[in-house]
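Everything below belongs to structure-v3.pdb, which stores PDB, C-alpha atoms.
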ATOM      1  CA  MET A   1      -5.853  20.440 -12.119
ATOM      2  CA  ALA A   2      -6.081  16.778 -11.154
ATOM      3  CA  VAL A   3      -7.916  14.544 -13.622
ATOM      4  CA  MET A   4     -10.374  12.061 -12.078
ATOM      5  CA  TYR A   5     -12.181   9.206 -13.780
ATOM      6  CA  TYR A   6     -15.260   7.291 -12.682
ATOM      7  CA  GLU A   7     -17.252   4.271 -13.840
ATOM      8  CA  LYS A   8     -18.841   6.254 -16.660
ATOM      9  CA  ASP A   9     -15.346   6.786 -18.093
ATOM     10  CA  CYS A  10     -14.424   3.087 -18.044
ATOM     11  CA  ASP A  11     -15.345   0.395 -20.546
ATOM     12  CA  LEU A  12     -15.061  -3.148 -19.231
ATOM     13  CA  GLY A  13     -15.714  -4.286 -22.794
ATOM     14  CA  VAL A  14     -12.048  -3.680 -23.673
ATOM     15  CA  PHE A  15     -11.298  -6.925 -21.818
ATOM     16  CA  LYS A  16     -13.641  -8.965 -24.023
ATOM     17  CA  GLY A  17     -11.697 -12.023 -25.165
ATOM     18  CA  LYS A  18      -8.741 -11.083 -22.981
ATOM     19  CA  THR A  19      -7.292 -12.808 -19.934
ATOM     20  CA  ILE A  20      -5.999 -11.083 -16.809
ATOM     21  CA  ALA A  21      -3.166 -12.657 -14.814
ATOM     22  CA  VAL A  22      -2.875 -11.534 -11.202
ATOM     23  CA  ILE A  23       0.602 -12.485  -9.998
ATOM     24  CA  GLY A  24       0.468 -12.979  -6.244
ATOM     25  CA  TYR A  25      -2.390 -13.760  -3.872
ATOM     26  CA  GLY A  26      -1.584 -11.761  -0.771
ATOM     27  CA  SER A  27      -3.459  -8.745   0.580
ATOM     28  CA  GLN A  28      -3.748  -6.945  -2.776
ATOM     29  CA  GLY A  29      -3.615 -10.041  -4.982
ATOM     30  CA  HIS A  30      -6.644 -11.782  -3.511
ATOM     31  CA  ALA A  31      -8.695  -8.573  -3.684
ATOM     32  CA  HIS A  32      -7.799  -7.782  -7.290
ATOM     33  CA  ALA A  33      -8.348 -11.348  -8.494
ATOM     34  CA  LEU A  34     -11.698 -11.854  -6.775
ATOM     35  CA  ASN A  35     -13.049  -8.399  -7.572
ATOM     36  CA  ALA A  36     -12.085  -8.653 -11.249
ATOM     37  CA  LYS A  37     -13.572 -12.142 -11.522
ATOM     38  CA  GLU A  38     -16.832 -10.987  -9.954
ATOM     39  CA  SER A  39     -16.863  -8.073 -12.408
ATOM     40  CA  GLY A  40     -16.987 -10.603 -15.233
ATOM     41  CA  MET A  41     -13.308 -10.706 -16.175
ATOM     42  CA  LYS A  42     -11.429 -13.883 -17.081
ATOM     43  CA  VAL A  43      -8.799 -14.125 -14.350
ATOM     44  CA  ILE A  44      -5.836 -16.417 -13.737
ATOM     45  CA  VAL A  45      -3.790 -16.268 -10.539
ATOM     46  CA  GLY A  46      -0.047 -16.792 -10.935
ATOM     47  CA  LEU A  47       1.924 -18.296  -8.021
ATOM     48  CA  TYR A  48       5.115 -20.241  -7.416
ATOM     49  CA  GLU A  49       4.811 -23.990  -7.132
ATOM     50  CA  GLY A  50       4.168 -25.010  -3.543
ATOM     51  CA  SER A  51       2.658 -21.655  -2.556
ATOM     52  CA  LYS A  52       0.405 -21.837   0.502
ATOM     53  CA  SER A  53      -2.009 -19.554  -1.343
ATOM     54  CA  TRP A  54      -2.547 -21.998  -4.218
ATOM     55  CA  LYS A  55      -5.349 -23.975  -2.566
ATOM     56  CA  LYS A  56      -6.831 -20.832  -1.038
ATOM     57  CA  ALA A  57      -7.196 -19.259  -4.492
ATOM     58  CA  GLU A  58      -8.618 -22.446  -5.989
ATOM     59  CA  ASP A  59     -11.099 -22.768  -3.123
ATOM     60  CA  SER A  60     -12.298 -19.267  -4.025
ATOM     61  CA  GLY A  61     -13.103 -20.467  -7.538
ATOM     62  CA  LEU A  62     -10.053 -19.055  -9.279
ATOM     63  CA  THR A  63      -7.865 -20.740 -11.871
ATOM     64  CA  VAL A  64      -4.283 -21.006 -10.613
ATOM     65  CA  LYS A  65      -1.121 -21.571 -12.646
ATOM     66  CA  THR A  66       2.567 -20.927 -12.079
ATOM     67  CA  ALA A  67       3.551 -17.292 -12.597
ATOM     68  CA  LYS A  68       5.247 -18.211 -15.876
ATOM     69  CA  GLU A  69       2.223 -20.106 -17.187
ATOM     70  CA  ALA A  70      -0.154 -17.343 -16.124
ATOM     71  CA  ALA A  71       1.972 -14.676 -17.837
ATOM     72  CA  GLU A  72       2.104 -16.723 -21.031
ATOM     73  CA  ALA A  73      -1.670 -17.202 -21.062
ATOM     74  CA  ALA A  74      -2.607 -13.614 -20.208
ATOM     75  CA  ASP A  75      -3.028 -10.411 -22.178
ATOM     76  CA  PHE A  76      -2.909  -8.197 -19.078
ATOM     77  CA  ILE A  77      -0.374  -9.100 -16.363
ATOM     78  CA  MET A  78      -0.714  -7.419 -12.960
ATOM     79  CA  ILE A  79       2.270  -7.932 -10.640
ATOM     80  CA  LEU A  80       1.212  -7.862  -6.989
ATOM     81  CA  ILE A  81       4.106  -9.342  -5.038
ATOM     82  CA  ASN A  82       6.509  -7.423  -2.781
ATOM     83  CA  ASP A  83       8.564  -4.704  -4.478
ATOM     84  CA  GLU A  84      11.871  -6.324  -3.581
ATOM     85  CA  LYS A  85      10.871  -9.628  -5.224
ATOM     86  CA  GLN A  86       9.487  -8.250  -8.470
ATOM     87  CA  ALA A  87      12.683  -7.837 -10.500
ATOM     88  CA  ARG A  88      13.689 -11.465 -10.047
ATOM     89  CA  LEU A  89      10.168 -12.703 -10.769
ATOM     90  CA  TYR A  90      10.094 -10.563 -13.915
ATOM     91  CA  GLN A  91      13.353 -12.022 -15.222
ATOM     92  CA  GLU A  92      12.461 -15.628 -14.391
ATOM     93  CA  SER A  93       8.758 -15.833 -15.198
ATOM     94  CA  ILE A  94       7.389 -12.834 -17.077
ATOM     95  CA  LYS A  95       9.925 -11.277 -19.440
ATOM     96  CA  ALA A  96       9.816 -14.082 -21.992
ATOM     97  CA  ALA A  97       6.013 -14.018 -22.046
ATOM     98  CA  LEU A  98       5.775 -10.344 -23.030
ATOM     99  CA  LYS A  99       4.654 -10.383 -26.637
ATOM    100  CA  PRO A 100       3.758  -7.220 -28.614
ATOM    101  CA  GLY A 101       0.417  -5.785 -27.532
ATOM    102  CA  LYS A 102       0.388  -7.277 -24.051
ATOM    103  CA  THR A 103       0.041  -5.080 -20.985
ATOM    104  CA  LEU A 104       2.288  -5.212 -17.913
ATOM    105  CA  ALA A 105       0.684  -3.635 -14.862
ATOM    106  CA  PHE A 106       1.804  -2.618 -11.380
ATOM    107  CA  ALA A 107       0.158  -1.316  -8.210
ATOM    108  CA  HIS A 108       3.268   0.686  -7.247
ATOM    109  CA  GLY A 109       5.813   2.356  -9.501
ATOM    110  CA  PHE A 110       9.002   1.468  -7.592
ATOM    111  CA  ASN A 111      10.547  -1.072  -9.961
ATOM    112  CA  ILE A 112       9.757   0.833 -13.154
ATOM    113  CA  HIS A 113      10.735   4.242 -11.798
ATOM    114  CA  PHE A 114      14.023   3.041 -10.351
ATOM    115  CA  GLY A 115      14.898   0.896 -13.367
ATOM    116  CA  GLN A 116      14.773  -2.506 -11.722
ATOM    117  CA  ILE A 117      12.375  -3.686 -14.426
ATOM    118  CA  VAL A 118      12.804  -2.458 -18.012
ATOM    119  CA  PRO A 119      10.007  -3.872 -20.190
ATOM    120  CA  PRO A 120      10.361  -4.159 -23.983
ATOM    121  CA  ALA A 121       9.134  -1.143 -25.958
ATOM    122  CA  ASP A 122       6.353  -3.079 -27.695
ATOM    123  CA  VAL A 123       4.209  -3.726 -24.583
ATOM    124  CA  ASN A 124       1.933  -1.428 -22.604
ATOM    125  CA  VAL A 125       3.100  -0.552 -19.098
ATOM    126  CA  VAL A 126       0.494   0.851 -16.699
ATOM    127  CA  MET A 127      -0.114   1.322 -13.013
ATOM    128  CA  ILE A 128      -3.397   0.962 -11.147
ATOM    129  CA  ALA A 129      -2.722   1.647  -7.472
ATOM    130  CA  PRO A 130      -5.556   1.379  -4.922
ATOM    131  CA  LYS A 131      -5.067   3.859  -2.090
ATOM    132  CA  GLY A 132      -5.819   1.357   0.632
ATOM    133  CA  PRO A 133      -4.844  -2.124   1.839
ATOM    134  CA  GLY A 134      -6.051  -5.122  -0.121
ATOM    135  CA  HIS A 135      -8.535  -6.299   2.493
ATOM    136  CA  THR A 136     -10.204  -2.887   2.332
ATOM    137  CA  VAL A 137     -10.266  -3.082  -1.474
ATOM    138  CA  ARG A 138     -12.111  -6.386  -1.161
ATOM    139  CA  GLU A 139     -14.476  -5.321   1.634
ATOM    140  CA  GLN A 140     -15.461  -2.087  -0.104
ATOM    141  CA  TYR A 141     -16.110  -3.897  -3.373
ATOM    142  CA  GLN A 142     -18.337  -6.436  -1.630
ATOM    143  CA  ALA A 143     -20.214  -3.575   0.024
ATOM    144  CA  GLY A 144     -20.922  -2.021  -3.376
ATOM    145  CA  ALA A 145     -18.377   0.751  -2.888
ATOM    146  CA  GLY A 146     -14.712   1.054  -3.776
ATOM    147  CA  VAL A 147     -11.282   2.337  -2.801
ATOM    148  CA  PRO A 148      -9.919   5.260  -4.859
ATOM    149  CA  CYS A 149      -7.125   4.348  -7.269
ATOM    150  CA  LEU A 150      -4.287   6.061  -9.079
ATOM    151  CA  ILE A 151      -3.641   5.381 -12.762
ATOM    152  CA  ALA A 152      -0.478   6.048 -14.742
ATOM    153  CA  VAL A 153       0.748   5.066 -18.189
ATOM    154  CA  HIS A 154       4.474   4.473 -18.651
ATOM    155  CA  GLN A 155       4.291   2.965 -22.150
ATOM    156  CA  ASP A 156       1.365   3.024 -24.585
ATOM    157  CA  ALA A 157       2.711   0.640 -27.194
ATOM    158  CA  ALA A 158      -0.652  -0.630 -28.431
ATOM    159  CA  GLY A 159      -2.584   2.624 -28.115
ATOM    160  CA  ASP A 160      -5.017   1.198 -25.570
ATOM    161  CA  ALA A 161      -2.999   1.309 -22.352
ATOM    162  CA  LYS A 162      -5.109   3.959 -20.634
ATOM    163  CA  ARG A 163      -8.413   2.339 -21.638
ATOM    164  CA  LEU A 164      -7.222  -0.999 -20.285
ATOM    165  CA  GLY A 165      -5.942   0.599 -17.081
ATOM    166  CA  LEU A 166      -9.238   2.391 -16.470
ATOM    167  CA  ALA A 167     -11.197  -0.780 -17.185
ATOM    168  CA  TYR A 168      -9.039  -2.689 -14.699
ATOM    169  CA  ALA A 169      -9.589   0.030 -12.093
ATOM    170  CA  ALA A 170     -13.330  -0.335 -12.644
ATOM    171  CA  ALA A 171     -13.127  -4.128 -12.442
ATOM    172  CA  ILE A 172     -11.577  -4.020  -8.975
ATOM    173  CA  GLY A 173     -14.043  -1.364  -7.793
ATOM    174  CA  GLY A 174     -11.770   1.664  -7.825
ATOM    175  CA  ALA A 175     -13.771   3.650 -10.374
ATOM    176  CA  ARG A 176     -16.736   3.655  -7.998
ATOM    177  CA  ALA A 177     -14.735   5.975  -5.744
ATOM    178  CA  GLY A 178     -12.604   7.721  -8.365
ATOM    179  CA  VAL A 179      -9.395   7.141 -10.316
ATOM    180  CA  LEU A 180      -6.776   9.912 -10.199
ATOM    181  CA  GLU A 181      -4.388  10.285 -13.129
ATOM    182  CA  THR A 182      -0.722  10.546 -12.155
ATOM    183  CA  THR A 183       2.724   9.379 -13.294
ATOM    184  CA  PHE A 184       4.984   6.555 -12.156
ATOM    185  CA  LYS A 185       7.428   9.168 -10.845
ATOM    186  CA  GLU A 186       4.852  11.086  -8.825
ATOM    187  CA  GLU A 187       3.197   7.984  -7.364
ATOM    188  CA  THR A 188       6.483   6.355  -6.394
ATOM    189  CA  GLU A 189       8.077   9.388  -4.791
ATOM    190  CA  THR A 190       4.989  10.645  -2.967
ATOM    191  CA  ASP A 191       4.076   7.142  -1.777
ATOM    192  CA  LEU A 192       7.538   6.507  -0.337
ATOM    193  CA  PHE A 193       7.613   9.952   1.257
ATOM    194  CA  GLY A 194       4.162   9.547   2.795
ATOM    195  CA  GLU A 195       5.074   6.153   4.252
ATOM    196  CA  GLN A 196       8.399   7.267   5.664
ATOM    197  CA  ALA A 197       7.820  10.823   6.830
ATOM    198  CA  VAL A 198       4.195  10.749   7.933
ATOM    199  CA  LEU A 199       2.060   7.603   7.821
ATOM    200  CA  CYS A 200       4.461   4.990   9.147
ATOM    201  CA  GLY A 201       7.828   6.441  10.138
ATOM    202  CA  GLY A 202       6.537   9.792  11.362
ATOM    203  CA  VAL A 203       3.477   8.532  13.225
ATOM    204  CA  SER A 204       5.289   5.540  14.767
ATOM    205  CA  ALA A 205       8.112   7.733  16.060
ATOM    206  CA  LEU A 206       5.662  10.334  17.376
ATOM    207  CA  MET A 207       3.634   7.772  19.325
ATOM    208  CA  LYS A 208       6.708   6.090  20.797
ATOM    209  CA  CYS A 209       8.179   9.452  21.793
ATOM    210  CA  GLY A 210       4.949  10.537  23.503
ATOM    211  CA  TYR A 211       4.781   7.220  25.362
ATOM    212  CA  GLU A 212       8.381   7.561  26.523
ATOM    213  CA  VAL A 213       7.889  11.145  27.740
ATOM    214  CA  LEU A 214       4.823  10.173  29.806
ATOM    215  CA  THR A 215       6.296   7.026  31.344
ATOM    216  CA  GLU A 216       9.616   8.756  32.100
ATOM    217  CA  ALA A 217       7.553  11.351  33.990
ATOM    218  CA  GLY A 218       6.103   8.579  36.162
ATOM    219  CA  TYR A 219       2.692   8.032  34.550
ATOM    220  CA  GLN A 220       1.299   4.511  34.232
ATOM    221  CA  PRO A 221       2.336   2.777  30.994
ATOM    222  CA  GLU A 222      -1.296   1.783  30.411
ATOM    223  CA  SER A 223      -2.477   5.393  30.655
ATOM    224  CA  ALA A 224       0.302   6.485  28.325
ATOM    225  CA  TYR A 225      -0.664   3.820  25.774
ATOM    226  CA  PHE A 226      -4.309   4.878  25.752
ATOM    227  CA  GLU A 227      -3.441   8.539  25.311
ATOM    228  CA  VAL A 228      -0.837   8.333  22.552
ATOM    229  CA  MET A 229      -1.641   5.155  20.605
ATOM    230  CA  HIS A 230      -5.120   3.778  21.250
ATOM    231  CA  GLU A 231      -6.848   7.098  20.614
ATOM    232  CA  MET A 232      -4.878   7.705  17.404
ATOM    233  CA  LYS A 233      -7.446   5.717  15.397
ATOM    234  CA  LEU A 234     -10.303   7.790  16.805
ATOM    235  CA  ILE A 235      -8.648  10.997  15.635
ATOM    236  CA  ILE A 236      -7.618   9.623  12.230
ATOM    237  CA  ASP A 237     -11.143   8.325  11.606
ATOM    238  CA  LEU A 238     -12.449  11.867  12.148
ATOM    239  CA  VAL A 239      -9.823  13.327   9.808
ATOM    240  CA  ASN A 240     -10.595  10.691   7.189
ATOM    241  CA  ARG A 241     -14.289  11.470   7.433
ATOM    242  CA  GLY A 242     -14.156  15.240   7.183
ATOM    243  CA  GLY A 243     -10.624  16.624   7.239
ATOM    244  CA  LEU A 244      -8.842  18.520   9.987
ATOM    245  CA  SER A 245     -11.774  20.918  10.417
ATOM    246  CA  PHE A 246     -14.216  18.106  11.174
ATOM    247  CA  MET A 247     -11.761  16.537  13.602
ATOM    248  CA  ARG A 248     -11.376  19.849  15.410
ATOM    249  CA  TYR A 249     -15.152  20.345  15.431
ATOM    250  CA  SER A 250     -15.564  16.905  17.016
ATOM    251  CA  ILE A 251     -13.043  17.217  19.827
ATOM    252  CA  SER A 252     -13.243  19.466  22.882
ATOM    253  CA  ASP A 253     -12.323  23.152  22.699
ATOM    254  CA  THR A 254      -9.513  22.388  25.143
ATOM    255  CA  ALA A 255      -8.073  19.794  22.773
ATOM    256  CA  GLU A 256      -8.520  22.116  19.786
ATOM    257  CA  TYR A 257      -6.719  24.952  21.569
ATOM    258  CA  GLY A 258      -3.870  22.572  22.466
ATOM    259  CA  ASP A 259      -3.724  21.495  18.834
ATOM    260  CA  TYR A 260      -3.149  25.066  17.642
ATOM    261  CA  ILE A 261      -0.527  26.094  20.197
ATOM    262  CA  THR A 262       1.406  22.841  20.552
ATOM    263  CA  GLY A 263       1.524  21.327  17.061
ATOM    264  CA  PRO A 264       3.968  23.964  15.765
ATOM    265  CA  LYS A 265       6.224  23.345  18.790
ATOM    266  CA  ILE A 266       6.535  19.657  17.867
ATOM    267  CA  ILE A 267       6.642  19.919  14.087
ATOM    268  CA  THR A 268       9.173  22.708  13.696
ATOM    269  CA  GLU A 269      11.131  24.074  10.748
ATOM    270  CA  ASP A 270      13.862  21.574  11.673
ATOM    271  CA  THR A 271      11.305  18.789  11.266
ATOM    272  CA  LYS A 272      10.279  20.173   7.906
ATOM    273  CA  ASN A 273      13.912  20.358   6.813
ATOM    274  CA  ALA A 274      14.374  16.723   7.848
ATOM    275  CA  MET A 275      11.342  15.847   5.728
ATOM    276  CA  ARG A 276      12.845  17.738   2.790
ATOM    277  CA  GLN A 277      16.003  15.647   3.149
ATOM    278  CA  VAL A 278      13.927  12.446   3.230
ATOM    279  CA  LEU A 279      12.223  13.540   0.009
ATOM    280  CA  LYS A 280      15.544  14.419  -1.602
ATOM    281  CA  GLU A 281      16.941  10.961  -0.843
ATOM    282  CA  ILE A 282      13.848   9.377  -2.374
ATOM    283  CA  GLN A 283      14.070  11.573  -5.464
ATOM    284  CA  ASN A 284      17.775  10.985  -6.090
ATOM    285  CA  GLY A 285      17.440   7.221  -5.626
ATOM    286  CA  LYS A 286      19.471   6.944  -2.409
ATOM    287  CA  PHE A 287      16.669   5.202  -0.497
ATOM    288  CA  ALA A 288      15.960   2.822  -3.383
ATOM    289  CA  ARG A 289      19.639   1.869  -3.720
ATOM    290  CA  GLU A 290      19.920   1.192   0.008
ATOM    291  CA  TRP A 291      16.755  -0.917   0.067
ATOM    292  CA  ILE A 292      17.788  -2.921  -2.990
ATOM    293  CA  LEU A 293      21.241  -3.588  -1.498
ATOM    294  CA  GLU A 294      19.695  -4.497   1.866
ATOM    295  CA  ASN A 295      17.684  -7.226   0.186
ATOM    296  CA  GLN A 296      20.690  -8.486  -1.761
ATOM    297  CA  VAL A 297      22.519  -9.249   1.504
ATOM    298  CA  ASN A 298      19.536 -10.905   3.227
ATOM    299  CA  ARG A 299      18.292  -7.858   5.149
ATOM    300  CA  PRO A 300      20.591  -7.750   8.195
ATOM    301  CA  ASN A 301      19.727  -4.144   9.145
ATOM    302  CA  PHE A 302      16.038  -4.578   8.392
ATOM    303  CA  ASN A 303      15.791  -7.721  10.516
ATOM    304  CA  ARG A 304      17.751  -6.104  13.366
ATOM    305  CA  MET A 305      15.497  -3.033  13.410
ATOM    306  CA  ARG A 306      12.347  -5.171  13.211
ATOM    307  CA  ALA A 307      13.476  -7.215  16.244
ATOM    308  CA  ILE A 308      14.372  -4.113  18.266
ATOM    309  CA  GLU A 309      11.099  -2.343  17.511
ATOM    310  CA  ALA A 310       9.062  -5.403  18.504
ATOM    311  CA  GLN A 311      10.522  -5.125  22.007
ATOM    312  CA  HIS A 312       9.591  -1.482  22.583
ATOM    313  CA  PRO A 313       7.558  -1.131  25.816
ATOM    314  CA  ILE A 314       4.605   0.416  23.968
ATOM    315  CA  GLU A 315       4.282  -2.837  22.029
ATOM    316  CA  GLN A 316       4.345  -4.986  25.152
ATOM    317  CA  VAL A 317       1.812  -2.863  27.039
ATOM    318  CA  GLY A 318      -0.372  -2.515  23.960
ATOM    319  CA  LYS A 319      -0.469  -6.246  23.364
ATOM    320  CA  GLU A 320      -1.707  -6.851  26.905
ATOM    321  CA  LEU A 321      -4.337  -4.114  26.746
ATOM    322  CA  ARG A 322      -5.621  -5.130  23.306
ATOM    323  CA  SER A 323      -6.142  -8.695  24.534
ATOM    324  CA  MET A 324      -8.800  -7.281  26.862
ATOM    325  CA  MET A 325     -10.608  -5.431  24.069
ATOM    326  CA  SER A 326     -12.942  -8.056  22.656
ATOM    327  CA  TRP A 327     -14.302  -5.646  20.059
ATOM    328  CA  LEU A 328     -10.879  -5.521  18.380
ATOM    329  CA  GLN A 329     -10.822  -9.286  17.873
ATOM    330  CA  LYS A 330     -12.359 -11.259  15.030
ATOM    331  CA  PRO A 331     -15.194 -13.575  16.109
ATOM    332  CA  SER A 332     -12.969 -16.624  15.554
ATOM    333  CA  GLU A 333     -10.370 -15.186  17.953
ATOM    334  CA  ARG A 334     -12.736 -14.555  20.869
TER     335      ARG A 334
END

As structure tokens, what does this structure read like?
Amino acid sequence: MAVMYYEKDCDLGVFKGKTIAVIGYGSQGHAHALNAKESGMKVIVGLYEGSKSWKKAEDSGLTVKTAKEAAEAADFIMILINDEKQARLYQESIKAALKPGKTLAFAHGFNIHFGQIVPPADVNVVMIAPKGPGHTVREQYQAGAGVPCLIAVHQDAAGDAKRLGLAYAAAIGGARAGVLETTFKEETETDLFGEQAVLCGGVSALMKCGYEVLTEAGYQPESAYFEVMHEMKLIIDLVNRGGLSFMRYSISDTAEYGDYITGPKIITEDTKNAMRQVLKEIQNGKFAREWILENQVNRPNFNRMRAIEAQHPIEQVGKELRSMMSWLQKPSER
């Protein structure tokens, strides 16, 4: 059975006299730093010299130092920069600062699980992974709620790794919603699989394919966009609120009937076998090796695919249609 923790299981007092360093001030970094500070923690933000985020963090009332200085000053070091940049940052700015009893923390297990970062045995290594984007982590905290988190302990050198991890989860608001205990292996492999096979790769390919089928059949591109992309959020919001049953309750009987008879024609056993292969290549490290090598040679394939995808007709039509939807724009953009 899954083990869940909530605020009653977390003691923010374990951070008394301790300093938290949040390395990075992007989507997750700004949320973690601000939430923890507003929860009463002593927080330092670690950035590279010349970072555009330096002034932004200072303007928010945070103390900012270089990543190396922040790591040296902190007892609990949370790394929140891109996966592919973490190993180099660790070697250059964090490794030397890891004294016995300190805690090294991550929001994703990639670099620990695939051996890109190997911390010394005398430090705690934990993961606190919010299951949502950083801006949602911040917005939910400000609203008095929270985004669920995962927690995992890779090394418990000082005997307090789990207590510190739970306290950190509470400080950023995650314990308000629930903190699920897992492992670095499980989080890394399931997260990569979910992104590739379903949430990003699977859904993106499905929407593009549906758009292409409709437009090839002579339907207006705008109609195709509305049917296969725009309405996706409406359906996902229903699923998020109450599961597949609530979504099916909320749609028409015609749509529900089509769901039952057509879904299995699209997602076939061949699709499931392809997903199994995706999972296998995550588990055996093939994906990680390819992604690490891709970054070592300045991302030629990644950049090529990004440029090609940006030119897909569904992107061009969608951009034009979204510009007419004032409710999708921030007030400053109207």

Work out where the centre of an axis-aligned box around every listed atom of segment 125-139 of chain A lies and how long its edges are once 6 Å is added on each side; give both in Å to one decimal as AutoDock Vina command-line options.
--center_x -5.7 --center_y -1.3 --center_z -8.3 --size_x 29.6 --size_y 22.2 --size_z 33.6

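Close contacts of segment 211-215 of chain A, defined as residues with an atom at most 12 Å away when counting all atoms listed in the file, with chain neighbours fewer than 5 positions off set aside, comprise A:Ser204, A:Ala205, A:Leu206, A:Gln220, A:Pro221, A:Glu222, A:Ser223, A:Ala224, A:Tyr225, A:Phe226, A:Glu227, A:Val228, A:Met229, A:His230, A:His312, A:Pro313, A:Ile314, A:Glu315, A:Val317, A:Gly318.
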
Residues as selected, C-alpha atoms, written as an mmCIF file, keeping the file's coordinate frame, can you do that?
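Generated output (part23.cif):
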data_model
loop_
_atom_site.group_PDB
_atom_site.id
_atom_site.type_symbol
_atom_site.label_atom_id
_atom_site.label_comp_id
_atom_site.auth_asym_id
_atom_site.auth_seq_id
_atom_site.Cartn_x
_atom_site.Cartn_y
_atom_site.Cartn_z
ATOM 1 C CA SER A 204 5.289 5.540 14.767
ATOM 2 C CA ALA A 205 8.112 7.733 16.060
ATOM 3 C CA LEU A 206 5.662 10.334 17.376
ATOM 4 C CA GLN A 220 1.299 4.511 34.232
ATOM 5 C CA PRO A 221 2.336 2.777 30.994
ATOM 6 C CA GLU A 222 -1.296 1.783 30.411
ATOM 7 C CA SER A 223 -2.477 5.393 30.655
ATOM 8 C CA ALA A 224 0.302 6.485 28.325
ATOM 9 C CA TYR A 225 -0.664 3.820 25.774
ATOM 10 C CA PHE A 226 -4.309 4.878 25.752
ATOM 11 C CA GLU A 227 -3.441 8.539 25.311
ATOM 12 C CA VAL A 228 -0.837 8.333 22.552
ATOM 13 C CA MET A 229 -1.641 5.155 20.605
ATOM 14 C CA HIS A 230 -5.120 3.778 21.250
ATOM 15 C CA HIS A 312 9.591 -1.482 22.583
ATOM 16 C CA PRO A 313 7.558 -1.131 25.816
ATOM 17 C CA ILE A 314 4.605 0.416 23.968
ATOM 18 C CA GLU A 315 4.282 -2.837 22.029
ATOM 19 C CA VAL A 317 1.812 -2.863 27.039
ATOM 20 C CA GLY A 318 -0.372 -2.515 23.960
#

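Atom CA of Glu92 of chain A is found 24.3 Å from atom CA of Ala161 of chain A.
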
Just give me the gap between atom CA of Glu84 of chain A and atom CA of Gly109 of chain A in Å, one decimal is fine. 12.1 Å

Contacts of segment 176-184 of chain A at 6 Å (all atoms listed in the file; same-chain gap of 4+ positions) as JSON, numbers by chain: {"A": [3, 4, 5, 6, 7, 109, 146, 147, 148, 149, 150, 151, 152, 188]}

Expanded to explicit residues, what is the PyMOL selection byres ((chain A and resi 53-68) around 9) for this file, as number ranges by chain? A: 21-26, 30, 33-34, 37, 43-52, 69-73, 89, 92-94, 96-97

Dump C-alpha atoms for the selected residues as a PDB file, in the coordinates of the input?
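Below is the file that was written, part-v3.pdb:
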ATOM      1  CA  ALA A  21      -3.166 -12.657 -14.814  1.00  0.00           C
ATOM      2  CA  VAL A  22      -2.875 -11.534 -11.202  1.00  0.00           C
ATOM      3  CA  ILE A  23       0.602 -12.485  -9.998  1.00  0.00           C
ATOM      4  CA  GLY A  24       0.468 -12.979  -6.244  1.00  0.00           C
ATOM      5  CA  TYR A  25      -2.390 -13.760  -3.872  1.00  0.00           C
ATOM      6  CA  GLY A  26      -1.584 -11.761  -0.771  1.00  0.00           C
ATOM      7  CA  HIS A  30      -6.644 -11.782  -3.511  1.00  0.00           C
ATOM      8  CA  ALA A  33      -8.348 -11.348  -8.494  1.00  0.00           C
ATOM      9  CA  LEU A  34     -11.698 -11.854  -6.775  1.00  0.00           C
ATOM     10  CA  LYS A  37     -13.572 -12.142 -11.522  1.00  0.00           C
ATOM     11  CA  VAL A  43      -8.799 -14.125 -14.350  1.00  0.00           C
ATOM     12  CA  ILE A  44      -5.836 -16.417 -13.737  1.00  0.00           C
ATOM     13  CA  VAL A  45      -3.790 -16.268 -10.539  1.00  0.00           C
ATOM     14  CA  GLY A  46      -0.047 -16.792 -10.935  1.00  0.00           C
ATOM     15  CA  LEU A  47       1.924 -18.296  -8.021  1.00  0.00           C
ATOM     16  CA  TYR A  48       5.115 -20.241  -7.416  1.00  0.00           C
ATOM     17  CA  GLU A  49       4.811 -23.990  -7.132  1.00  0.00           C
ATOM     18  CA  GLY A  50       4.168 -25.010  -3.543  1.00  0.00           C
ATOM     19  CA  SER A  51       2.658 -21.655  -2.556  1.00  0.00           C
ATOM     20  CA  LYS A  52       0.405 -21.837   0.502  1.00  0.00           C
ATOM     21  CA  GLU A  69       2.223 -20.106 -17.187  1.00  0.00           C
ATOM     22  CA  ALA A  70      -0.154 -17.343 -16.124  1.00  0.00           C
ATOM     23  CA  ALA A  71       1.972 -14.676 -17.837  1.00  0.00           C
ATOM     24  CA  GLU A  72       2.104 -16.723 -21.031  1.00  0.00           C
ATOM     25  CA  ALA A  73      -1.670 -17.202 -21.062  1.00  0.00           C
ATOM     26  CA  LEU A  89      10.168 -12.703 -10.769  1.00  0.00           C
ATOM     27  CA  GLU A  92      12.461 -15.628 -14.391  1.00  0.00           C
ATOM     28  CA  SER A  93       8.758 -15.833 -15.198  1.00  0.00           C
ATOM     29  CA  ILE A  94       7.389 -12.834 -17.077  1.00  0.00           C
ATOM     30  CA  ALA A  96       9.816 -14.082 -21.992  1.00  0.00           C
ATOM     31  CA  ALA A  97       6.013 -14.018 -22.046  1.00  0.00           C
TER      32      ALA A  97
END

With the file shown as input, list the residues that the PyMOL selection byres ((chain A and resi 13-18) around 7) selects, as a PyMOL selection string. chain A and resi 11-12+19-20+75+164

Point-to-point distance in Å for atom CA of Glu294 of chain A and atom CA of Pro120 of chain A: 27.5 Å

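Nearest residue to Gly40 of chain A among A:Cys209, A:Ala167, A:Ala255, A:Leu234 is A:Ala167, counting only C-alpha atoms.
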
Quick one: apply the PyMOL selection byres ((chain A and resi 135) around 9) to the file and drop the selected residues here as a ChimeraX atom specification. /A:27-28,30-31,132-134,136-140

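Using all atoms listed in the file, the shortest contact distance between Asn111 of chain A and any of A:Val297, A:Ala87, A:Lys95, A:Asp270 is found at A:Ala87.
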